[in-house]
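Participant: Shown below is the structure under consideration.
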Amino acid sequence: MFARTYGAATLGVDGLIIDVEVDASSGLPAFDLVGLPDTAVRESKERVRTAIRNTGLRLRQEKVTVNLAPADIRKDSSGLDLPIAIGLLASYGIVPAERIRKSLFAAELSLEGECRPIRGVLPMAIQAKKEGFADFFVAKDNADEALLVDGLHIYALDDLHQLVCFLRGETELSPAVPAPRSGYNEMLTDDFSDVQGQFQAKRALEIAAAGGHNVLMVGVPGSGKTMLARRVSTILPALSQEEALEVTKIYSIAGLVPRHGGLVTQRPYRSPHHTSSMTAMIGGGTIPRPGEVTLAHHGVLFLDELPEFSKKTLEVLREPLEDRKITVSRIHATLTFPSSFMLIGSMNPCPCGYFGDPDHPCECTPGEIKRYTRRISGPLLDRMDIHIRVQRVKYQEMASEQRAETSAVIRGRVEAAREIQRERLKEYGLFCNAQMSHAMICRKCQMNQEAKSLLAQVFQRLMLSARSYDRIIKVAQTIADLDGAEQIAGRHIAEAVQLRNDVGRNPDL
């Protein structure tokens, strides 16, 4: 007898509905699973048969064929256990076929028949709603995540036996309701008021947060580069509902949403170790999975000790920094992941770390310094909007009892500037200056005559690239937005130029 049920997998950052077709017929006993399943899915036939037997159901020894459609896409979700089991029971007539026509199933089965949580339930639920499904059956630990999508009846399951009894009409099972929580939100323990001194660096990071600009910090060991970077996410505007849903989808696929968690409401902050591979940075695998640039979407990617990363790992950042998305091609799939993030890099000025420090002699030769700084390529440096030197904190600043500005105060100014940018760029669907193209800059960024003259002199003297020209204007526009100015003035251009030093060519800066 033939039966069809529906499961789900993920493809990129979206859900994919899988038609699970099951046919049980007379013949030599066998269980064939086709439709490009990967190892985890191929092993599901053993989990499914054992789970059904331990649930107390007995199946005839027949030839069983299970097809996962579309057959040209590789499936890699253990969540197909449950739809395969239900389809098998329907093909034997144990479960009524009419009860599963508009239902979607997604859960892994234990050998005892318990339903276990899986990754990617949120994008599956979003896709289920798009395709008109009414009911979505998931493991209990995935219910809160699925409930983020309105318009679906979410059923939280303990085990296979509970589901079979419900489908046969023997017991009642009520749809799950959202837990009384506002969402998954980390407690913020870092604050800019903890940072003593470093007024220029804090000003630069405020500008970067207001406009979404990339930052490179250079300074001696212990000057506070990492401390500053960790606090950038505390001055960024809160995620909008649309952004939060997009980030939660990505984290769901990566398995980073905690059980019983709701929306991710805090902007992502990712700080991969310098031994991270190129694949870990951009994503990959047989079926590509999100990498660090995608996990930092709508947030911050912090690369500490930037020159210690491998050259290949750093160079793959060029495309996502420019296009704000990354396309990963593999044999079985070519997928595009979103990667709109702020890049913050930190590095020492030389191998020993003390070049340019008046209080500590540098032990490096000019050749060693040049080789060290040249680990960061010119094209990557050109994509950093702001280059700042972080100086050693003075004793008077460390011992001062005067409390610095809190993150909340700085965030207020950042949000006001972002609102100006959102209004200016609303026709393009953008929300910060860093996302503007050259055509948008020409159309939206207004400069007075003083600013134009100063920029012309700077362009000729520093021999700027076209990209540097655009990025100076973007930073100047952000400074003007923080000032509440309608036009970019000469002082805004001057500060933007001051914040853009070519560290690779001028190690003395």
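Just so we're on the same page: first chain in the structure tokens is A, next is B, and so on; residues restart at 1 for each chain, and ligands are numbered from 1 in the order they show up.
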I want to know what sits within 8 Å of Pro70 (chain A), based on only C-alpha atoms, with residues of the same chain fewer than 2 positions away left out; could you give that as number ranges by chain?

Facilitator: A: 18-19, 35, 68, 72-73

Participant: Pick out the residues sitting within 10 Å of Thr275 (chain A), and hand them over as a list in words; count only C-alpha atoms, and ignore anything fewer than 6 positions along from it in its own chain.

Facilitator: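 Residues meeting the cut-off are Glu308, Phe309, Ser310 and Thr313 of chain A.
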
Participant: Using only C-alpha atoms, pick whichever of A:Met384, A:Leu109, A:Cys165, A:Ile488 has the shortest atom-to-atom distance to Leu317 (chain A).

Facilitator: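 Answer, going by the shortest atom-to-atom distance: A:Met384.
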
Participant: Excluding Val316 (chain A) and its own-chain neighbours fewer than 6 positions away, which residues fall within 12 Å of it when counting only C-alpha atoms? Please give them as a ChimeraX atom specification.

Facilitator: /A:277-283,291-293,309-310,322,325-328,377,379-380

Participant: Kindly export the residues of the current selection with all heavy atoms, as a short mmCIF file (atom, residue, chain, number, x, y, z; two decimals), in the first residue's frame.

Facilitator:
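Written file, part_30.cif:
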data_model
loop_
_atom_site.label_atom_id
_atom_site.label_comp_id
_atom_site.auth_asym_id
_atom_site.auth_seq_id
_atom_site.Cartn_x
_atom_site.Cartn_y
_atom_site.Cartn_z
N SER A 277 39.60 27.94 10.32
CA SER A 277 39.88 27.67 8.91
C SER A 277 39.03 28.56 8.00
O SER A 277 38.09 29.22 8.45
CB SER A 277 39.58 26.20 8.59
OG SER A 277 38.19 25.95 8.71
N MET A 278 39.34 28.52 6.72
CA MET A 278 38.59 29.27 5.73
C MET A 278 37.14 28.80 5.69
O MET A 278 36.20 29.60 5.61
CB MET A 278 39.24 29.12 4.36
CG MET A 278 38.54 29.83 3.23
SD MET A 278 39.42 29.65 1.66
CE MET A 278 39.26 27.88 1.39
N THR A 279 36.93 27.47 5.77
CA THR A 279 35.57 26.91 5.75
C THR A 279 34.78 27.35 6.97
O THR A 279 33.60 27.68 6.88
CB THR A 279 35.63 25.38 5.68
OG1 THR A 279 36.35 24.99 4.50
CG2 THR A 279 34.24 24.79 5.63
N ALA A 280 35.44 27.37 8.14
CA ALA A 280 34.75 27.82 9.36
C ALA A 280 34.34 29.28 9.24
O ALA A 280 33.32 29.70 9.79
CB ALA A 280 35.64 27.61 10.57
N MET A 281 35.12 30.07 8.50
CA MET A 281 34.84 31.49 8.39
C MET A 281 33.66 31.78 7.45
O MET A 281 32.77 32.56 7.78
CB MET A 281 36.08 32.24 7.91
CG MET A 281 35.98 33.75 7.99
SD MET A 281 35.83 34.38 9.68
CE MET A 281 37.47 34.02 10.31
N ILE A 282 33.65 31.14 6.28
CA ILE A 282 32.62 31.46 5.29
C ILE A 282 31.51 30.43 5.21
O ILE A 282 30.47 30.66 4.60
CB ILE A 282 33.23 31.66 3.89
CG1 ILE A 282 33.81 30.34 3.35
CG2 ILE A 282 34.25 32.76 3.88
CD1 ILE A 282 34.13 30.37 1.88
N GLY A 283 31.72 29.25 5.82
CA GLY A 283 30.73 28.18 5.74
C GLY A 283 31.14 27.15 4.70
O GLY A 283 31.99 27.39 3.85
N GLY A 291 28.82 29.88 8.09
CA GLY A 291 30.09 30.11 8.76
C GLY A 291 30.01 31.33 9.66
O GLY A 291 28.93 31.89 9.91
N GLU A 292 31.16 31.77 10.14
CA GLU A 292 31.20 32.88 11.10
C GLU A 292 30.66 34.17 10.49
O GLU A 292 30.02 34.97 11.19
CB GLU A 292 32.63 33.09 11.60
CG GLU A 292 33.16 31.98 12.48
CD GLU A 292 32.45 31.91 13.82
OE1 GLU A 292 31.82 32.92 14.22
OE2 GLU A 292 32.53 30.86 14.48
N VAL A 293 30.91 34.41 9.20
CA VAL A 293 30.43 35.66 8.59
C VAL A 293 28.91 35.71 8.55
O VAL A 293 28.30 36.79 8.58
CB VAL A 293 31.02 35.86 7.17
CG1 VAL A 293 32.52 36.00 7.22
CG2 VAL A 293 30.61 34.73 6.23
N PHE A 309 45.78 35.25 11.72
CA PHE A 309 44.89 34.44 10.87
C PHE A 309 45.63 34.09 9.59
O PHE A 309 46.47 34.85 9.10
CB PHE A 309 43.61 35.21 10.53
CG PHE A 309 42.61 35.28 11.65
CD1 PHE A 309 42.74 36.23 12.66
CD2 PHE A 309 41.54 34.41 11.71
CE1 PHE A 309 41.83 36.30 13.69
CE2 PHE A 309 40.61 34.48 12.73
CZ PHE A 309 40.76 35.42 13.74
N SER A 310 45.30 32.92 9.04
CA SER A 310 45.94 32.53 7.79
C SER A 310 45.53 33.48 6.67
O SER A 310 44.44 34.06 6.71
CB SER A 310 45.56 31.09 7.42
OG SER A 310 44.20 31.02 7.03
N GLU A 322 32.14 43.36 0.90
CA GLU A 322 31.70 44.22 -0.20
C GLU A 322 30.24 43.98 -0.57
O GLU A 322 29.46 44.92 -0.75
CB GLU A 322 32.58 43.98 -1.42
CG GLU A 322 32.58 45.12 -2.43
CD GLU A 322 33.28 46.37 -1.89
OE1 GLU A 322 34.20 46.25 -1.07
OE2 GLU A 322 32.86 47.47 -2.30
N LYS A 325 26.93 39.41 1.40
CA LYS A 325 26.44 38.04 1.26
C LYS A 325 27.59 37.19 0.77
O LYS A 325 28.58 37.71 0.26
CB LYS A 325 25.25 37.97 0.29
CG LYS A 325 25.59 38.42 -1.12
CD LYS A 325 24.36 38.40 -2.01
CE LYS A 325 24.72 38.89 -3.43
NZ LYS A 325 23.54 38.90 -4.31
N ILE A 326 27.47 35.87 0.95
CA ILE A 326 28.53 34.97 0.52
C ILE A 326 27.89 33.78 -0.18
O ILE A 326 26.91 33.21 0.31
CB ILE A 326 29.39 34.51 1.72
CG1 ILE A 326 30.54 33.64 1.26
CG2 ILE A 326 28.55 33.82 2.78
CD1 ILE A 326 31.63 34.37 0.52
N THR A 327 28.41 33.44 -1.35
CA THR A 327 27.92 32.29 -2.11
C THR A 327 28.93 31.16 -1.99
O THR A 327 30.09 31.33 -2.32
CB THR A 327 27.70 32.66 -3.58
OG1 THR A 327 26.73 33.71 -3.66
CG2 THR A 327 27.19 31.46 -4.36
N VAL A 328 28.46 30.01 -1.50
CA VAL A 328 29.31 28.84 -1.31
C VAL A 328 28.86 27.76 -2.29
O VAL A 328 27.70 27.36 -2.29
CB VAL A 328 29.21 28.32 0.14
CG1 VAL A 328 30.14 27.12 0.33
CG2 VAL A 328 29.56 29.42 1.13
N SER A 377 46.54 42.25 3.75
CA SER A 377 46.69 42.72 2.37
C SER A 377 46.09 44.10 2.17
O SER A 377 45.19 44.52 2.92
CB SER A 377 46.03 41.73 1.40
OG SER A 377 44.63 41.74 1.55
N PRO A 379 44.06 45.17 -0.29
CA PRO A 379 42.62 45.16 -0.57
C PRO A 379 41.76 44.98 0.68
O PRO A 379 40.67 45.55 0.77
CB PRO A 379 42.46 43.96 -1.52
CG PRO A 379 43.79 43.85 -2.20
CD PRO A 379 44.79 44.24 -1.17
N LEU A 380 42.25 44.18 1.64
CA LEU A 380 41.48 44.02 2.87
C LEU A 380 41.53 45.30 3.71
O LEU A 380 40.51 45.73 4.26
CB LEU A 380 42.01 42.83 3.68
CG LEU A 380 41.25 42.50 4.96
CD1 LEU A 380 39.79 42.17 4.65
CD2 LEU A 380 41.91 41.33 5.70
#

Participant: Each residue of region 230-279 of chain A lying at most 10 Å from region 336-341 of chain A should get a row with its shortest atom-to-atom pair and the distance in Å to one decimal, counting only C-alpha atoms; could you produce that, ordered by chain and increasing number, as a Markdown table?

Facilitator:
| residue | atom | partner | partner_atom | distance |
| --- | --- | --- | --- | --- |
| A:Glu246 | CA | A:Pro338 | CA | 9.4 |
| A:Val247 | CA | A:Pro338 | CA | 9.8 |
| A:Ile250 | CA | A:Phe337 | CA | 9.2 |
| A:Pro268 | CA | A:Phe341 | CA | 9.1 |
| A:Tyr269 | CA | A:Phe341 | CA | 9.6 |

Participant: I need the residues of region 46-177 of chain A that end up classed as strand (DSSP E) by DSSP on the backbone, written out as a PyMOL selection string.

Facilitator: chain A and resi 63-69+103-106+108-109+115-116+135-139+153-157

Participant: Of the residues A:Tyr372, A:Phe31, A:Phe133, A:Tyr92, which is the one nearest to Asn67 (chain A), using only C-alpha atoms?

Facilitator: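 Among the listed residues, the smallest separation from Asn67 (chain A) belongs to A:Phe31.
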
Participant: So the first atom is CA of Leu122 (chain A) and the second is CA of Ala8 (chain A); what is the distance between them in Å, to one decimal place?

Facilitator: 10.9 Å

Participant: May I ask which of the residues A:Phe105, A:Val177, A:Val138, A:Thr65 is the closest one to Asp150 (chain A), counting only C-alpha atoms?

Facilitator: A:Val177

Participant: Do you have the CA of Ile376 (chain A)-CA of Gly345 (chain A) distance handy?

Facilitator: 10.6 Å

Participant: Enter the distance from CA of Gly212 (chain A) to CA of Ala439 (chain A), in Å, rounded to one decimal.

Facilitator: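 Computed distance, CA of Gly212 (chain A) to CA of Ala439 (chain A), equals 18.4 Å.
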